[in-house]
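Structure file entry-v7.txt with compact mmCIF, C-alpha atoms:
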# COMPACT_ATOMS: atom_id res chain seq x y z
CA GLU A 1 85.21 -40.13 -13.44
CA GLU A 2 85.90 -37.06 -15.57
CA LYS A 3 85.66 -39.16 -18.75
CA MET A 4 82.41 -40.72 -17.57
CA HIS A 5 80.83 -37.30 -16.99
CA ALA A 6 82.00 -36.21 -20.42
CA VAL A 7 79.78 -38.93 -21.93
CA PHE A 8 76.87 -38.85 -19.47
CA PRO A 9 75.20 -35.70 -18.17
CA ARG A 10 76.01 -34.87 -14.58
CA PRO A 11 73.11 -35.07 -12.17
CA ARG A 12 72.08 -31.65 -10.89
CA VAL A 13 69.78 -30.26 -8.24
CA TYR A 14 68.22 -26.80 -8.54
CA PHE A 15 66.68 -24.97 -5.59
CA LEU A 16 64.07 -22.39 -6.47
CA TYR A 17 61.89 -20.03 -4.45
CA GLY A 18 58.52 -18.34 -4.61
CA PRO A 19 56.24 -17.70 -7.56
CA GLN A 20 59.20 -17.16 -9.92
CA GLY A 21 60.62 -20.55 -8.97
CA PHE A 22 57.21 -22.14 -9.50
CA LYS A 23 56.97 -20.58 -12.96
CA ARG A 24 60.55 -21.65 -13.79
CA ILE A 25 59.65 -25.30 -13.10
CA TRP A 26 56.84 -25.10 -15.66
CA ASP A 27 59.15 -23.40 -18.16
CA MET A 28 61.59 -26.31 -17.73
CA ILE A 29 58.79 -28.81 -18.36
CA PHE A 30 57.67 -27.03 -21.53
CA GLU A 31 61.24 -26.49 -22.77
CA SER A 32 62.01 -30.21 -22.34
CA HIS A 33 59.90 -31.05 -25.43
CA GLU A 34 58.54 -34.11 -23.62
CA LYS A 35 55.01 -35.08 -24.57
CA SER A 36 53.90 -36.29 -21.15
CA PHE A 37 54.50 -35.95 -17.44
CA SER A 38 53.09 -37.40 -14.22
CA ILE A 39 52.05 -35.44 -11.18
CA ILE A 40 51.21 -36.31 -7.58
CA THR A 41 49.45 -33.46 -5.79
CA GLU A 42 47.08 -32.28 -3.12
CA GLY A 43 45.66 -29.89 -5.70
CA MET A 44 45.45 -26.67 -3.73
CA SER A 45 49.20 -26.08 -3.28
CA PHE A 46 49.60 -24.43 -6.72
CA LEU A 47 47.33 -21.64 -5.53
CA ASP A 48 49.90 -20.83 -2.85
CA PHE A 49 52.26 -19.62 -5.61
CA VAL A 50 50.04 -18.30 -8.40
CA LYS A 51 46.44 -17.36 -9.10
CA GLU A 52 44.14 -19.91 -10.73
CA LYS A 53 44.03 -17.63 -13.78
CA TYR A 54 47.79 -18.23 -14.31
CA ILE A 55 47.29 -21.99 -14.05
CA LEU A 56 44.52 -21.92 -16.66
CA ASP A 57 45.83 -19.17 -18.97
CA ASP A 58 49.51 -20.09 -18.90
CA ILE A 59 50.16 -23.65 -17.74
CA ILE A 60 47.08 -25.46 -19.09
CA LYS A 61 46.91 -23.40 -22.29
CA LYS A 62 50.61 -23.96 -23.08
CA LYS A 63 50.31 -27.66 -22.22
CA LYS A 64 47.42 -28.01 -24.70
CA GLU A 65 49.23 -25.99 -27.40
CA LEU A 66 52.27 -28.28 -27.11
CA GLY A 67 50.12 -31.44 -27.12
CA ILE A 68 51.40 -32.53 -23.71
CA LYS A 69 49.38 -35.11 -21.82
CA SER A 70 49.59 -35.81 -18.11
CA ARG A 71 48.55 -38.37 -15.56
CA GLN A 72 47.69 -37.09 -12.13
CA ILE A 73 47.26 -38.67 -8.73
CA ILE A 74 45.35 -36.15 -6.65
CA MET A 75 44.19 -36.20 -3.04
CA ASP A 76 40.40 -36.33 -2.73
CA SER A 77 38.66 -33.02 -1.97
CA ALA A 78 35.89 -30.92 -3.47
CA TYR A 79 38.56 -28.84 -5.25
CA ALA A 80 40.23 -32.00 -6.59
CA ARG A 81 36.94 -33.26 -8.01
CA ASP A 82 36.48 -29.91 -9.80
CA ILE A 83 39.94 -30.35 -11.34
CA VAL A 84 39.28 -33.97 -12.34
CA ALA A 85 36.00 -32.93 -14.01
CA LYS A 86 38.13 -30.94 -16.52
CA ASP A 87 40.52 -33.80 -17.36
CA VAL A 88 39.47 -34.32 -20.99
CA ARG A 89 39.61 -30.57 -21.78
CA GLU A 90 43.04 -30.25 -20.13
CA ASN A 91 44.82 -33.29 -21.70
CA ARG A 92 44.90 -35.11 -18.38
CA GLU A 93 43.86 -38.39 -16.81
CA SER A 94 43.45 -38.43 -13.04
CA ARG A 95 43.04 -40.91 -10.27
CA ILE A 96 41.95 -39.88 -6.80
CA ILE A 97 43.74 -40.99 -3.65
CA SER A 98 42.25 -40.96 -0.17
CA PRO A 99 42.90 -37.85 1.94
CA ARG A 100 44.33 -40.10 4.65
CA HIS A 101 47.44 -40.14 2.45
CA LYS A 102 48.85 -36.66 2.96
CA LEU A 103 50.55 -35.03 -0.03
CA PRO A 104 51.84 -31.63 1.11
CA PHE A 105 54.57 -31.68 -1.56
CA THR A 106 53.59 -31.82 -5.22
CA GLU A 107 55.83 -33.98 -7.39
CA VAL A 108 56.08 -33.53 -11.17
CA ILE A 109 57.88 -36.37 -12.98
CA THR A 110 59.32 -36.03 -16.48
CA ASP A 111 61.70 -38.34 -18.36
CA LYS A 112 64.79 -36.35 -17.37
CA PHE A 113 63.96 -34.64 -14.09
CA VAL A 114 61.63 -34.55 -11.11
CA ALA A 115 60.35 -31.32 -9.60
CA PHE A 116 59.15 -31.00 -6.01
CA ILE A 117 56.88 -28.11 -5.04
CA SER A 118 56.15 -27.43 -1.38
CA PRO A 119 53.27 -25.45 0.03
CA ARG A 120 54.08 -21.72 -0.11
CA PHE A 121 54.74 -21.37 3.62
CA ASP A 122 57.68 -23.78 3.20
CA ASN A 123 58.73 -21.98 0.02
CA THR A 124 60.83 -24.94 -1.05
CA LEU A 125 60.95 -25.92 -4.68
CA PHE A 126 63.65 -28.10 -6.10
CA VAL A 127 64.39 -30.03 -9.25
CA VAL A 128 66.47 -33.21 -9.42
CA GLU A 129 67.83 -33.49 -12.94
CA ASN A 130 68.79 -37.14 -13.32
CA ALA A 131 67.20 -39.66 -15.69
CA ASN A 132 67.65 -42.63 -13.34
CA PHE A 133 66.04 -40.76 -10.46
CA ALA A 134 63.17 -39.86 -12.81
CA ILE A 135 62.78 -43.52 -13.83
CA THR A 136 62.64 -44.55 -10.16
CA ARG A 137 60.05 -41.90 -9.27
CA GLN A 138 57.99 -42.83 -12.37
CA SER A 139 58.02 -46.47 -11.27
CA VAL A 140 56.71 -45.45 -7.83
CA PHE A 141 54.04 -43.30 -9.51
CA ASP A 142 53.02 -46.20 -11.80
CA THR A 143 52.74 -48.56 -8.82
CA ILE A 144 50.41 -46.17 -7.00
CA TRP A 145 48.50 -45.41 -10.23
CA GLU A 146 47.81 -49.09 -10.88
CA SER A 147 46.52 -49.59 -7.33
CA LEU A 148 43.91 -46.82 -7.63
CA SER A 149 40.51 -47.40 -9.19
CA VAL A 150 39.55 -45.54 -12.32

Produce structure tokens that represent the structure in this file.
Amino acid sequence: EEKMHAVFPRPRVYFLYGPQGFKRIWDMIFESHEKSFSIITEGMSFLDFVKEKYILDDIIKKKKELGIKSRQIIMDSAYARDIVAKDVRENRESRIISPRHKLPFTEVITDKFVAFISPRFDNTLFVVENANFAITRQSVFDTIWESLSV
């Protein structure tokens, strides 16, 4: 087992809290040098951690500077439709899912890790750093994505 972990990276789980934890997740995404990620979200939960100005001026701006694209499954709402209207400007493609499917946790999927972001009142953010887990979650995302109309 020790030899195996010397060759393959050990899976890790990080628990983070509050606005600083939220910002750390985005730093990890940008530091990964990946050119795409997938996200499943209700839409509003980011505002529990940071102001919309931070999302636009830090997350979206940095994402565009780095040439990162994303695909997003977002729960239908007036706020979600406002977000989707900006897809082209924000290097994103979205598909809307019915609000009967509750999505209180946001999930961000990269090639090497998956981040889970709860609503602020839960204050639970965690990252599972494991490529096989990320592949599995991406497959689930792709299955849902393909079932939603454009």

Considering all atoms listed in the file, tabulate each residue of range 33-142 of chain A that lies at most 9 Å from range 18-26 of chain A along with its nearest interatomic pair and the corresponding distance in Å to one decimal; arrange the rows by chain and ascending residue number and present them as a Markdown table.
| residue | atom | partner | partner_atom | distance |
| --- | --- | --- | --- | --- |
| A:Phe46 | CA | A:Phe22 | CA | 8.4 |
| A:Asp48 | CA | A:Pro19 | CA | 8.5 |
| A:Phe49 | CA | A:Pro19 | CA | 4.8 |
| A:Val50 | CA | A:Pro19 | CA | 6.3 |
| A:Ile59 | CA | A:Trp26 | CA | 7.1 |
| A:Ala115 | CA | A:Ile25 | CA | 7.0 |
| A:Ile117 | CA | A:Phe22 | CA | 7.5 |
| A:Arg120 | CA | A:Gly18 | CA | 7.2 |
| A:Asn123 | CA | A:Gly18 | CA | 5.9 |
| A:Thr124 | CA | A:Gly18 | CA | 7.8 |
| A:Leu125 | CA | A:Gly21 | CA | 6.9 |
| A:Phe126 | CA | A:Ile25 | CA | 8.5 |
| A:Val127 | CA | A:Ile25 | CA | 7.7 |

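Nearest residue to Leu16 in chain A among A:Asp142, A:Asp82, A:Asp122, A:Glu90 is A:Asp122, counting all atoms listed in the file.
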
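Between CA of Leu66 in chain A and CA of Asp27 in chain A the separation is 12.3 Å.
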
> Taking (67.6, -30.1, -7.5) in the file's coordinates, which residues come within 6 Å, counting only C-alpha atoms, written as a list in words?
Replying inline: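 Residues found, by chain and rising number: Arg12, Val13, Tyr14, Phe15, Phe126, Val127 and Val128 of chain A.
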
>> What does the structure give for the distance between CA of Ser77 in chain A and CA of Arg95 in chain A, in Å to one decimal?
In response: 12.3 Å

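Interatomic distance, CA of Ile68 in chain A to CA of Ile55 in chain A: 14.9 Å.
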